[in-house]
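See below for protein-v8.pdb, which holds PDB, C-alpha atoms and all ligand atoms.
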```pdb
MODEL        1
ATOM      1  CA  MET A  90     -32.447  40.214  -6.625
ATOM      2  CA  GLY A  91     -34.241  36.915  -6.767
ATOM      3  CA  PHE A  92     -36.908  35.275  -8.809
ATOM      4  CA  PRO A  93     -37.972  35.907 -11.606
ATOM      5  CA  GLU A  94     -34.713  37.675 -12.606
ATOM      6  CA  HIS A  95     -32.797  34.587 -11.575
ATOM      7  CA  ARG A  96     -33.870  31.220 -12.844
ATOM      8  CA  MET A  97     -31.350  28.520 -11.978
ATOM      9  CA  ARG A  98     -32.853  26.147 -14.514
ATOM     10  CA  ARG A  99     -31.492  28.231 -17.446
ATOM     11  CA  LEU A 100     -28.070  26.690 -16.888
ATOM     12  CA  ARG A 101     -29.500  23.174 -16.834
ATOM     13  CA  SER A 102     -31.490  23.498 -20.046
ATOM     14  CA  SER A 103     -29.464  21.194 -22.329
ATOM     15  CA  ALA A 104     -26.654  18.689 -22.231
ATOM     16  CA  ALA A 105     -24.337  21.218 -23.903
ATOM     17  CA  MET A 106     -25.168  23.899 -21.347
ATOM     18  CA  ARG A 107     -24.623  21.473 -18.481
ATOM     19  CA  ARG A 108     -21.244  20.518 -19.935
ATOM     20  CA  LEU A 109     -20.288  24.159 -20.207
ATOM     21  CA  VAL A 110     -20.999  25.020 -16.572
ATOM     22  CA  ARG A 111     -19.887  21.731 -15.002
ATOM     23  CA  GLU A 112     -17.539  22.442 -12.089
ATOM     24  CA  THR A 113     -15.946  19.050 -11.549
ATOM     25  CA  ALA A 114     -14.552  16.820 -14.270
ATOM     26  CA  LEU A 115     -13.521  13.299 -13.440
ATOM     27  CA  SER A 116     -10.539  12.211 -15.526
ATOM     28  CA  VAL A 117      -8.858   8.893 -16.150
ATOM     29  CA  ASP A 118      -5.730  10.621 -14.801
ATOM     30  CA  ASP A 119      -7.290  10.568 -11.313
ATOM     31  CA  LEU A 120      -7.643   6.800 -11.080
ATOM     32  CA  VAL A 121      -5.668   4.009  -9.436
ATOM     33  CA  TYR A 122      -6.647   0.365  -9.976
ATOM     34  CA  PRO A 123      -6.009  -2.164  -7.167
ATOM     35  CA  LEU A 124      -4.716  -5.622  -8.152
ATOM     36  CA  PHE A 125      -4.481  -8.753  -5.994
ATOM     37  CA  VAL A 126      -1.527 -11.074  -6.505
ATOM     38  CA  ARG A 127      -0.633 -14.435  -4.992
ATOM     39  CA  ASN A 128       1.991 -17.118  -5.436
ATOM     40  CA  GLY A 129       1.503 -19.633  -8.226
ATOM     41  CA  ARG A 130       1.323 -19.739 -12.012
ATOM     42  CA  GLY A 131      -1.429 -19.181 -14.547
ATOM     43  CA  LEU A 132      -3.924 -17.975 -11.936
ATOM     44  CA  LYS A 133      -6.893 -15.714 -12.509
ATOM     45  CA  GLU A 134      -9.252 -16.651  -9.662
ATOM     46  CA  PRO A 135     -12.521 -14.731  -9.442
ATOM     47  CA  ILE A 136     -12.988 -13.163  -6.000
ATOM     48  CA  ALA A 137     -16.452 -14.223  -4.876
ATOM     49  CA  SER A 138     -16.976 -11.212  -2.611
ATOM     50  CA  MET A 139     -15.895  -8.590  -5.187
ATOM     51  CA  ALA A 140     -17.597  -8.385  -8.584
ATOM     52  CA  GLY A 141     -15.209  -8.398 -11.540
ATOM     53  CA  CYS A 142     -12.079  -8.695  -9.362
ATOM     54  CA  TYR A 143      -9.522 -11.516  -9.492
ATOM     55  CA  ARG A 144      -6.510 -12.891  -7.692
ATOM     56  CA  PHE A 145      -3.674 -13.108 -10.203
ATOM     57  CA  SER A 146      -0.328 -14.837 -10.144
ATOM     58  CA  ALA A 147       2.705 -12.781 -11.154
ATOM     59  CA  ASP A 148       2.748 -14.226 -14.691
ATOM     60  CA  THR A 149      -0.914 -13.367 -15.397
ATOM     61  CA  VAL A 150      -0.991  -9.990 -13.671
ATOM     62  CA  ALA A 151       1.255  -8.396 -16.287
ATOM     63  CA  ALA A 152      -1.392  -8.827 -19.003
ATOM     64  CA  GLU A 153      -3.986  -7.310 -16.692
ATOM     65  CA  ALA A 154      -1.681  -4.390 -15.932
ATOM     66  CA  ALA A 155      -1.153  -3.896 -19.682
ATOM     67  CA  GLU A 156      -4.921  -3.657 -20.124
ATOM     68  CA  VAL A 157      -5.086  -1.083 -17.321
ATOM     69  CA  ALA A 158      -2.290   0.937 -18.931
ATOM     70  CA  ALA A 159      -3.973   0.748 -22.356
ATOM     71  CA  LEU A 160      -7.082   2.321 -20.824
ATOM     72  CA  GLY A 161      -4.930   5.282 -19.816
ATOM     73  CA  ILE A 162      -5.051   4.616 -16.065
ATOM     74  CA  PRO A 163      -1.769   5.947 -14.627
ATOM     75  CA  ALA A 164      -1.246   3.540 -11.720
ATOM     76  CA  VAL A 165      -1.943   0.149 -10.174
ATOM     77  CA  LEU A 166      -1.850  -0.647  -6.447
ATOM     78  CA  LEU A 167      -0.645  -4.173  -5.633
ATOM     79  CA  PHE A 168      -1.907  -6.275  -2.737
ATOM     80  CA  GLY A 169      -0.253  -9.561  -1.848
ATOM     81  CA  VAL A 170      -2.685 -12.246  -0.690
ATOM     82  CA  GLY A 171      -2.676 -15.809   0.522
ATOM     83  CA  GLY A 172       1.039 -16.157   1.199
ATOM     84  CA  GLU A 173       2.807 -18.124   3.919
ATOM     85  CA  LYS A 174       1.750 -16.787   7.298
ATOM     86  CA  ASP A 175       3.864 -16.569  10.451
ATOM     87  CA  GLU A 176       4.127 -14.534  13.626
ATOM     88  CA  ILE A 177       5.761 -11.477  12.044
ATOM     89  CA  GLY A 178       4.656 -11.806   8.419
ATOM     90  CA  SER A 179       8.121 -12.598   6.966
ATOM     91  CA  GLU A 180       6.707 -13.443   3.545
ATOM     92  CA  ALA A 181       6.018  -9.704   3.162
ATOM     93  CA  TRP A 182       9.678  -8.952   2.425
ATOM     94  CA  ALA A 183      10.661 -12.213   0.684
ATOM     95  CA  PRO A 184      12.559 -11.324  -2.521
ATOM     96  CA  ASP A 185      10.545 -13.978  -4.384
ATOM     97  CA  GLY A 186       7.198 -13.069  -2.782
ATOM     98  CA  ALA A 187       4.090 -12.593  -4.905
ATOM     99  CA  VAL A 188       4.247  -8.798  -4.869
ATOM    100  CA  GLN A 189       7.973  -8.655  -5.595
ATOM    101  CA  THR A 190       7.612 -11.060  -8.536
ATOM    102  CA  ALA A 191       4.583  -9.147  -9.814
ATOM    103  CA  ILE A 192       6.533  -5.878  -9.725
ATOM    104  CA  HIS A 193       9.201  -7.450 -11.969
ATOM    105  CA  GLU A 194       6.642  -8.818 -14.422
ATOM    106  CA  ILE A 195       4.616  -5.608 -14.632
ATOM    107  CA  ARG A 196       7.726  -3.486 -15.009
ATOM    108  CA  ASN A 197       8.872  -5.644 -17.935
ATOM    109  CA  GLU A 198       5.476  -5.462 -19.623
ATOM    110  CA  CYS A 199       4.488  -1.798 -19.065
ATOM    111  CA  SER A 200       7.373   0.562 -18.524
ATOM    112  CA  ASP A 201       5.254   3.700 -18.009
ATOM    113  CA  LEU A 202       2.683   2.378 -15.575
ATOM    114  CA  LEU A 203       3.190   3.619 -12.024
ATOM    115  CA  ILE A 204       3.482   0.700  -9.586
ATOM    116  CA  MET A 205       2.180   1.305  -6.072
ATOM    117  CA  THR A 206       2.266  -1.348  -3.358
ATOM    118  CA  ASP A 207       0.230  -1.794  -0.200
ATOM    119  CA  VAL A 208       2.517  -2.030   2.818
ATOM    120  CA  CYS A 209       0.777  -3.878   5.632
ATOM    121  CA  LEU A 210       1.282  -7.202   7.392
ATOM    122  CA  CYS A 211      -2.325  -8.396   7.749
ATOM    123  CA  ALA A 212      -2.177 -10.764   4.762
ATOM    124  CA  TYR A 213       1.035 -12.314   6.134
ATOM    125  CA  THR A 214       0.556 -12.664   9.895
ATOM    126  CA  GLU A 215      -1.035 -15.718  11.520
ATOM    127  CA  THR A 216      -3.301 -13.433  13.518
ATOM    128  CA  GLY A 217      -4.473 -11.424  10.487
ATOM    129  CA  HIS A 218      -3.520  -8.271  12.385
ATOM    130  CA  CYS A 219      -1.635  -5.457  10.646
ATOM    131  CA  GLY A 220       1.431  -5.919  12.853
ATOM    132  CA  ALA A 221       3.366  -8.246  15.143
ATOM    133  CA  VAL A 222       1.251  -9.368  18.089
ATOM    134  CA  VAL A 223       2.786  -9.940  21.526
ATOM    135  CA  ASP A 224       0.526 -11.008  24.381
ATOM    136  CA  GLY A 225      -2.577 -10.095  22.403
ATOM    137  CA  VAL A 226      -1.351  -6.574  21.608
ATOM    138  CA  VAL A 227      -0.192  -5.278  18.218
ATOM    139  CA  GLU A 228       3.298  -3.967  19.009
ATOM    140  CA  ASN A 229       3.711  -0.548  17.460
ATOM    141  CA  ASP A 230       7.480   0.020  17.298
ATOM    142  CA  ARG A 231       8.422  -3.534  16.333
ATOM    143  CA  THR A 232       5.818  -3.387  13.567
ATOM    144  CA  CYS A 233       7.309  -0.141  12.212
ATOM    145  CA  GLU A 234      10.654  -1.918  11.745
ATOM    146  CA  LEU A 235       8.966  -4.785   9.897
ATOM    147  CA  LEU A 236       6.962  -2.424   7.684
ATOM    148  CA  ALA A 237      10.153  -0.557   6.802
ATOM    149  CA  LYS A 238      11.694  -3.872   5.674
ATOM    150  CA  MET A 239       8.640  -4.597   3.565
ATOM    151  CA  ALA A 240       8.656  -1.123   1.986
ATOM    152  CA  VAL A 241      12.384  -1.344   1.192
ATOM    153  CA  SER A 242      11.854  -4.752  -0.402
ATOM    154  CA  HIS A 243       9.094  -3.360  -2.667
ATOM    155  CA  ALA A 244      11.050  -0.214  -3.532
ATOM    156  CA  ARG A 245      14.239  -2.129  -4.268
ATOM    157  CA  THR A 246      12.291  -4.408  -6.599
ATOM    158  CA  GLY A 247      10.965  -1.400  -8.502
ATOM    159  CA  ALA A 248       7.838  -0.052  -6.832
ATOM    160  CA  ASP A 249       7.450   3.676  -7.537
ATOM    161  CA  VAL A 250       5.196   4.325  -4.561
ATOM    162  CA  VAL A 251       4.810   2.465  -1.266
ATOM    163  CA  ALA A 252       1.488   2.800   0.541
ATOM    164  CA  PRO A 253       1.508   1.928   4.253
ATOM    165  CA  SER A 254      -2.039   1.019   5.342
ATOM    166  CA  ASP A 255      -1.393  -0.330   8.842
ATOM    167  CA  MET A 256      -1.954   2.806  10.977
ATOM    168  CA  MET A 257       0.995   2.270  13.358
ATOM    169  CA  ASP A 258       2.397   5.471  14.876
ATOM    170  CA  GLY A 259       5.687   6.537  13.326
ATOM    171  CA  ARG A 260       5.685   4.099  10.440
ATOM    172  CA  VAL A 261       5.994   6.754   7.756
ATOM    173  CA  GLY A 262       9.126   8.099   9.455
ATOM    174  CA  ALA A 263      10.562   4.595   9.828
ATOM    175  CA  ILE A 264       9.889   3.834   6.152
ATOM    176  CA  ARG A 265      11.270   7.170   4.953
ATOM    177  CA  LYS A 266      14.463   6.681   6.977
ATOM    178  CA  ALA A 267      14.947   3.111   5.753
ATOM    179  CA  LEU A 268      14.415   4.130   2.114
ATOM    180  CA  GLU A 269      16.911   6.949   2.521
ATOM    181  CA  GLU A 270      19.509   4.618   4.049
ATOM    182  CA  GLU A 271      19.095   2.147   1.184
ATOM    183  CA  GLY A 272      19.562   4.785  -1.520
ATOM    184  CA  LEU A 273      15.876   4.583  -2.406
ATOM    185  CA  GLN A 274      15.181   8.229  -1.673
ATOM    186  CA  ASP A 275      13.152   8.699  -4.875
ATOM    187  CA  THR A 276      10.444   6.242  -3.851
ATOM    188  CA  ALA A 277       7.272   8.122  -2.940
ATOM    189  CA  ILE A 278       5.189   7.350   0.141
ATOM    190  CA  MET A 279       1.419   7.452  -0.168
ATOM    191  CA  SER A 280       0.333   6.989   3.432
ATOM    192  CA  TYR A 281      -3.115   5.979   4.537
ATOM    193  CA  ALA A 282      -2.975   8.823   6.999
ATOM    194  CA  ALA A 283      -6.631   8.756   7.968
ATOM    195  CA  LYS A 284      -7.779   5.172   7.810
ATOM    196  CA  TYR A 285     -10.901   4.410   9.764
ATOM    197  CA  ALA A 286     -11.968   1.199  11.523
ATOM    198  CA  SER A 287     -14.724   0.621   9.002
ATOM    199  CA  ALA A 288     -17.366  -1.992   8.218
ATOM    200  CA  PHE A 289     -16.783  -1.272   4.541
ATOM    201  CA  TYR A 290     -13.610  -3.404   4.320
ATOM    202  CA  GLY A 291     -15.708  -6.594   4.614
ATOM    203  CA  PRO A 292     -15.441  -7.856   1.009
ATOM    204  CA  PHE A 293     -11.693  -7.081   0.877
ATOM    205  CA  ARG A 294     -10.872  -9.156   3.959
ATOM    206  CA  ASP A 295     -12.474 -12.077   2.201
ATOM    207  CA  ALA A 296     -10.459 -11.381  -0.954
ATOM    208  CA  ALA A 297      -7.170 -10.978   0.885
ATOM    209  CA  GLU A 298      -7.855 -13.648   3.524
ATOM    210  CA  SER A 299      -6.782 -11.041   6.035
ATOM    211  CA  ALA A 300      -9.591 -10.880   8.601
ATOM    212  CA  PRO A 301      -8.222 -10.637  12.174
ATOM    213  CA  SER A 302      -8.465 -13.974  14.008
ATOM    214  CA  PHE A 303      -9.306 -12.219  17.284
ATOM    215  CA  GLY A 304     -10.526  -8.772  18.247
ATOM    216  CA  ASP A 305     -10.748  -5.956  15.720
ATOM    217  CA  ARG A 306      -8.569  -3.126  14.374
ATOM    218  CA  LYS A 307      -9.910  -0.385  16.623
ATOM    219  CA  THR A 308      -6.663   0.008  18.590
ATOM    220  CA  TYR A 309      -4.895   1.214  15.457
ATOM    221  CA  GLN A 310      -7.482   2.311  12.880
ATOM    222  CA  MET A 311      -9.418   5.505  13.565
ATOM    223  CA  ASP A 312     -12.810   6.041  15.158
ATOM    224  CA  PRO A 313     -15.275   7.079  12.400
ATOM    225  CA  ALA A 314     -16.571   9.808  14.730
ATOM    226  CA  ASN A 315     -13.339  11.840  14.505
ATOM    227  CA  SER A 316     -12.071  14.373  11.982
ATOM    228  CA  ASP A 317      -9.823  16.686  14.075
ATOM    229  CA  GLU A 318      -7.843  13.560  14.859
ATOM    230  CA  ALA A 319      -7.562  12.870  11.122
ATOM    231  CA  MET A 320      -5.903  16.276  10.658
ATOM    232  CA  ARG A 321      -3.370  15.383  13.387
ATOM    233  CA  GLU A 322      -2.681  12.026  11.718
ATOM    234  CA  ILE A 323      -2.113  13.756   8.380
ATOM    235  CA  ALA A 324       0.135  16.452   9.906
ATOM    236  CA  LEU A 325       2.315  13.759  11.485
ATOM    237  CA  ASP A 326       2.592  11.735   8.276
ATOM    238  CA  VAL A 327       3.508  14.821   6.269
ATOM    239  CA  GLU A 328       6.141  15.724   8.842
ATOM    240  CA  GLU A 329       7.519  12.173   8.690
ATOM    241  CA  GLY A 330       7.922  12.310   4.911
ATOM    242  CA  ALA A 331       4.654  11.313   3.214
ATOM    243  CA  ASP A 332       4.228  12.658  -0.325
ATOM    244  CA  ILE A 333       0.551  11.798  -0.739
ATOM    245  CA  VAL A 334      -1.996  11.272   2.035
ATOM    246  CA  THR A 335      -4.975   8.948   1.770
ATOM    247  CA  VAL A 336      -8.374   9.063   3.403
ATOM    248  CA  LYS A 337     -10.098   5.693   3.609
ATOM    249  CA  PRO A 338     -12.950   4.820   3.091
ATOM    250  CA  ALA A 339     -14.187   7.618   0.841
ATOM    251  CA  LEU A 340     -17.932   8.193   0.822
ATOM    252  CA  CYS A 341     -18.603   8.290   4.572
ATOM    253  CA  PHE A 342     -15.564  10.552   5.009
ATOM    254  CA  LEU A 343     -15.885  13.215   2.296
ATOM    255  CA  ASP A 344     -15.700  15.935   4.951
ATOM    256  CA  VAL A 345     -12.290  14.548   5.926
ATOM    257  CA  VAL A 346     -11.186  14.542   2.265
ATOM    258  CA  TYR A 347     -12.323  18.152   1.994
ATOM    259  CA  ARG A 348     -10.532  19.260   5.157
ATOM    260  CA  ALA A 349      -7.359  17.395   4.190
ATOM    261  CA  LYS A 350      -7.196  19.194   0.838
ATOM    262  CA  GLN A 351      -8.038  22.596   2.347
ATOM    263  CA  GLU A 352      -5.659  22.362   5.303
ATOM    264  CA  PHE A 353      -2.617  20.692   3.718
ATOM    265  CA  GLY A 354      -2.791  21.406  -0.006
ATOM    266  CA  LEU A 355      -0.778  18.349  -0.947
ATOM    267  CA  PRO A 356      -1.999  15.510  -3.147
ATOM    268  CA  VAL A 357      -4.898  13.801  -1.407
ATOM    269  CA  ALA A 358      -6.042  10.313  -2.336
ATOM    270  CA  ALA A 359      -9.351   8.756  -1.378
ATOM    271  CA  TYR A 360      -9.848   5.001  -1.279
ATOM    272  CA  TYR A 361     -13.287   3.996  -2.508
ATOM    273  CA  VAL A 362     -13.163   0.663  -0.682
ATOM    274  CA  SER A 363     -14.526  -2.812  -1.342
ATOM    275  CA  GLY A 364     -17.718  -2.405   0.698
ATOM    276  CA  GLU A 365     -18.594   0.853  -1.013
ATOM    277  CA  TYR A 366     -17.978  -0.802  -4.376
ATOM    278  CA  MET A 367     -20.075  -3.864  -3.553
ATOM    279  CA  MET A 368     -22.872  -1.809  -2.024
ATOM    280  CA  LEU A 369     -23.461  -0.265  -5.451
ATOM    281  CA  HIS A 370     -23.134  -3.598  -7.215
ATOM    282  CA  ALA A 371     -25.595  -5.241  -4.831
ATOM    283  CA  ALA A 372     -28.111  -2.428  -5.218
ATOM    284  CA  ALA A 373     -27.797  -2.515  -8.998
ATOM    285  CA  ARG A 374     -28.197  -6.302  -9.039
ATOM    286  CA  ALA A 375     -31.357  -5.932  -7.004
ATOM    287  CA  GLY A 376     -32.657  -3.556  -9.667
ATOM    288  CA  LEU A 377     -32.631  -0.606  -7.272
ATOM    289  CA  LEU A 378     -30.378   1.764  -9.196
ATOM    290  CA  ASP A 379     -28.272   2.192 -12.317
ATOM    291  CA  LEU A 380     -24.708   0.986 -11.756
ATOM    292  CA  GLU A 381     -22.932   3.278 -14.218
ATOM    293  CA  GLN A 382     -24.751   6.353 -13.032
ATOM    294  CA  GLY A 383     -24.153   5.472  -9.393
ATOM    295  CA  MET A 384     -20.482   4.872 -10.097
ATOM    296  CA  MET A 385     -19.934   8.182 -11.908
ATOM    297  CA  GLU A 386     -21.902  10.111  -9.280
ATOM    298  CA  SER A 387     -19.823   8.579  -6.475
ATOM    299  CA  LEU A 388     -16.466   9.121  -8.186
ATOM    300  CA  THR A 389     -17.362  12.704  -9.136
ATOM    301  CA  ALA A 390     -18.441  13.419  -5.543
ATOM    302  CA  ILE A 391     -15.102  12.154  -4.226
ATOM    303  CA  LYS A 392     -13.291  14.426  -6.671
ATOM    304  CA  ARG A 393     -15.559  17.374  -5.852
ATOM    305  CA  ALA A 394     -14.730  16.962  -2.162
ATOM    306  CA  GLY A 395     -11.054  17.521  -3.003
ATOM    307  CA  ALA A 396      -9.463  14.187  -3.871
ATOM    308  CA  ASP A 397      -6.738  14.366  -6.506
ATOM    309  CA  ILE A 398      -6.442  10.600  -6.672
ATOM    310  CA  ILE A 399      -9.183   7.966  -6.398
ATOM    311  CA  ILE A 400      -8.232   4.370  -5.678
ATOM    312  CA  THR A 401     -11.116   2.288  -6.995
ATOM    313  CA  TYR A 402     -12.147  -1.164  -8.240
ATOM    314  CA  PHE A 403     -14.275   0.827 -10.725
ATOM    315  CA  ALA A 404     -11.180   2.338 -12.383
ATOM    316  CA  LYS A 405     -11.388   0.222 -15.547
ATOM    317  CA  ASP A 406     -15.154   0.677 -15.924
ATOM    318  CA  ALA A 407     -14.874   4.422 -15.359
ATOM    319  CA  ALA A 408     -11.945   4.723 -17.781
ATOM    320  CA  ARG A 409     -13.944   2.946 -20.491
ATOM    321  CA  LEU A 410     -16.916   5.221 -19.917
ATOM    322  CA  LEU A 411     -14.779   8.372 -19.911
ATOM    323  CA  LYS A 412     -13.200   7.277 -23.199
ATOM    324  CA  ALA A 413     -16.550   6.625 -24.910
TER     325      ALA A 413
HETATM  326  C1  LIG B 501      -4.934  -3.840   4.937
HETATM  327  C2  LIG B 501      -5.944  -3.218   4.061
HETATM  328  C3  LIG B 501      -7.349  -3.294   4.129
HETATM  329  C4  LIG B 501      -7.822  -2.621   3.009
HETATM  330  C5  LIG B 501      -6.726  -2.139   2.322
HETATM  331  N1  LIG B 501      -5.581  -2.496   2.997
HETATM  332  C6  LIG B 501      -8.227  -4.011   5.044
HETATM  333  C7  LIG B 501      -8.253  -3.748   6.474
HETATM  334  O1  LIG B 501      -7.714  -2.777   7.001
HETATM  335  O2  LIG B 501      -8.842  -4.604   7.126
HETATM  336  C8  LIG B 501      -9.257  -2.474   2.608
HETATM  337  C9  LIG B 501      -9.496  -2.125   1.189
HETATM  338  C10 LIG B 501     -10.887  -2.326   0.736
HETATM  339  O3  LIG B 501     -11.791  -2.655   1.517
HETATM  340  O4  LIG B 501     -11.113  -2.149  -0.466
HETATM  341  N2  LIG B 501      -4.679  -3.224   6.122
ENDMDL
END
```
This entry written out as structure tokens:
Amino acid sequence: MGFPEHRMRRLRSSAAMRRLVRETALSVDDLVYPLFVRNGRGLKEPIASMAGCYRFSADTVAAEAAEVAALGIPAVLLFGVGGEKDEIGSEAWAPDGAVQTAIHEIRNECSDLLIMTDVCLCAYTETGHCGAVVDGVVENDRTCELLAKMAVSHARTGADVVAPSDMMDGRVGAIRKALEEEGLQDTAIMSYAAKYASAFYGPFRDAAESAPSFGDRKTYQMDPANSDEAMREIALDVEEGADIVTVKPALCFLDVVYRAKQEFGLPVAAYYVSGEYMMLHAAARAGLLDLEQGMMESLTAIKRAGADIIITYFAKDAARLLKA
């Protein structure tokens, strides 16, 4: 039977009816808010390339984290920026590094907030690459050892979740093994299992001062043309001990989010990255669309595709809107 027995518009007739039949509900419980931290005191530097985002020092980030927690957002994801740089990124596992100090401060201020940390060397290496470079090549196995040191340092300091975003082969296994050996077996790993070599990281590289000084990241990050390969990446990370798998970026890769959820059935995160965020801001600023509506449509679409967790610079704005 078709028309006129069926009229699809009946279920769209009022706001109440639309609420009743809505299939996907975005919740504040789904959100993770990224925070940038650097060495220093009293800092809250606006990031020119990312609207409404700041680089904090450890002493100021705790107040920001408290605000995030008060909005009901369950987790923050910490990125260290602008530290000392050397060949292997040693600052990444310094006990008094920006991230380590921030973990202490946030933990003291907000006991219930989940603390996640990005595990990657690009903000700490002279080359801006995500690993140790020898003769122009990012060395996979050596980098895994360094990442494991970094993850252990974060976990020991009190991170609940470590999030490797480097895309080296075997790094999840190396991190899991190192955590186990250090008695940190309860630390969760949220791996960026399917992270693509994307143009949409542009604003972030500015924020984190982590752009590669030569070449690009295509020898370790994935080709945007591939999704079977993403399933292999995820299978390997799960086997190596990942608890949550992340697809990144989000909007150009919703099919990958969908497949990941369907095929693995474990918690899937999607990272709505800096370029996606700023694309909306730029369009709204130009008067081309409504920012709030665009934000909610994007976040709902990511959830509809199958993401359980959405990492987004919009987390605070969305939480406020969901509360209202
Ligand atoms: C580091 C890292 C990047 C992002 C998160 N972790 C940048 C990159 O791979 O160049 C991007 C996040 C964003 O754009 O919001 N490896």
Result set, the PyMOL selection byres (((chain A and resi 282) around 6) and not hetatm) on current file, as a PyMOL selection string: chain A and resi 280-281+283+322-323+334-335
Resulting file, chosen residues, C-alpha atoms, as a PDB file, in the frame of the given file:
```
ATOM      1  CA  SER A 280       0.333   6.989   3.432  1.00  0.00           C
ATOM      2  CA  TYR A 281      -3.115   5.979   4.537  1.00  0.00           C
ATOM      3  CA  ALA A 283      -6.631   8.756   7.968  1.00  0.00           C
ATOM      4  CA  GLU A 322      -2.681  12.026  11.718  1.00  0.00           C
ATOM      5  CA  ILE A 323      -2.113  13.756   8.380  1.00  0.00           C
ATOM      6  CA  VAL A 334      -1.996  11.272   2.035  1.00  0.00           C
ATOM      7  CA  THR A 335      -4.975   8.948   1.770  1.00  0.00           C
TER       8      THR A 335
END
```
Evaluated on this file, the PyMOL selection byres (((chain A and resi 315) around 12) and not hetatm) picks out some residues - which ones are they, written as JSON, numbers by chain? {"A": [283, 284, 285, 286, 310, 311, 312, 313, 314, 316, 317, 318, 319, 320, 321, 322, 341, 342, 344, 345]}
Which neighbours of Met367 (chain A) fall inside 7 Å, counting all atoms listed in the file, when residues of the same chain fewer than 4 positions from it are skipped, and could you give them as a ChimeraX atom specification? /A:139,363,371
Specify as a VMD selection string each residue included when the PyMOL selection byres (((not hetatm)) within 10 of (chain B and resi 501)) is applied to this file. chain A and resid 123 139 168 207 to 212 217 to 220 252 to 256 281 284 to 301 305 to 306 309 to 310 337 to 338 360 to 367 400 to 402
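Taking CA of Lys412 (chain A) and CA of Met205 (chain A) as the two end points, the separation is 23.8 Å.
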Any chance you could build region 292-306 of chain A out to N, CA and C atoms and write it as an mmCIF file, in the coordinates of the input?
```
data_model
loop_
_atom_site.group_PDB
_atom_site.id
_atom_site.type_symbol
_atom_site.label_atom_id
_atom_site.label_comp_id
_atom_site.auth_asym_id
_atom_site.auth_seq_id
_atom_site.Cartn_x
_atom_site.Cartn_y
_atom_site.Cartn_z
ATOM 1 N N PRO A 292 -15.736 -7.028 2.184
ATOM 2 C CA PRO A 292 -15.441 -7.856 1.009
ATOM 3 C C PRO A 292 -13.939 -8.028 0.765
ATOM 4 N N PHE A 293 -13.149 -7.018 1.076
ATOM 5 C CA PHE A 293 -11.693 -7.081 0.877
ATOM 6 C C PHE A 293 -11.054 -8.141 1.768
ATOM 7 N N ARG A 294 -11.493 -8.196 3.022
ATOM 8 C CA ARG A 294 -10.872 -9.156 3.959
ATOM 9 C C ARG A 294 -11.084 -10.581 3.491
ATOM 10 N N ASP A 295 -12.192 -10.796 2.805
ATOM 11 C CA ASP A 295 -12.474 -12.077 2.201
ATOM 12 C C ASP A 295 -11.505 -12.317 1.043
ATOM 13 N N ALA A 296 -11.328 -11.280 0.231
ATOM 14 C CA ALA A 296 -10.459 -11.381 -0.954
ATOM 15 C C ALA A 296 -9.011 -11.618 -0.554
ATOM 16 N N ALA A 297 -8.578 -10.929 0.495
ATOM 17 C CA ALA A 297 -7.170 -10.978 0.885
ATOM 18 C C ALA A 297 -6.920 -12.006 1.975
ATOM 19 N N GLU A 298 -7.957 -12.681 2.419
ATOM 20 C CA GLU A 298 -7.855 -13.648 3.524
ATOM 21 C C GLU A 298 -7.088 -13.012 4.678
ATOM 22 N N SER A 299 -7.528 -11.817 5.050
ATOM 23 C CA SER A 299 -6.782 -11.041 6.035
ATOM 24 C C SER A 299 -7.642 -10.590 7.210
ATOM 25 N N ALA A 300 -8.764 -11.268 7.463
ATOM 26 C CA ALA A 300 -9.591 -10.880 8.601
ATOM 27 C C ALA A 300 -8.851 -11.207 9.895
ATOM 28 N N PRO A 301 -8.904 -10.335 10.911
ATOM 29 C CA PRO A 301 -8.222 -10.637 12.174
ATOM 30 C C PRO A 301 -8.841 -11.865 12.850
ATOM 31 N N SER A 302 -7.966 -12.733 13.396
ATOM 32 C CA SER A 302 -8.465 -13.974 14.008
ATOM 33 C C SER A 302 -9.040 -13.718 15.393
ATOM 34 N N PHE A 303 -8.675 -12.600 16.016
ATOM 35 C CA PHE A 303 -9.306 -12.219 17.284
ATOM 36 C C PHE A 303 -9.415 -10.705 17.326
ATOM 37 N N GLY A 304 -10.381 -10.217 18.061
ATOM 38 C CA GLY A 304 -10.526 -8.772 18.247
ATOM 39 C C GLY A 304 -10.841 -8.047 16.952
ATOM 40 N N ASP A 305 -10.491 -6.766 16.908
ATOM 41 C CA ASP A 305 -10.748 -5.956 15.720
ATOM 42 C C ASP A 305 -9.562 -5.007 15.529
ATOM 43 N N ARG A 306 -9.697 -4.016 14.659
ATOM 44 C CA ARG A 306 -8.569 -3.126 14.374
ATOM 45 C C ARG A 306 -8.728 -1.756 15.045
#
```
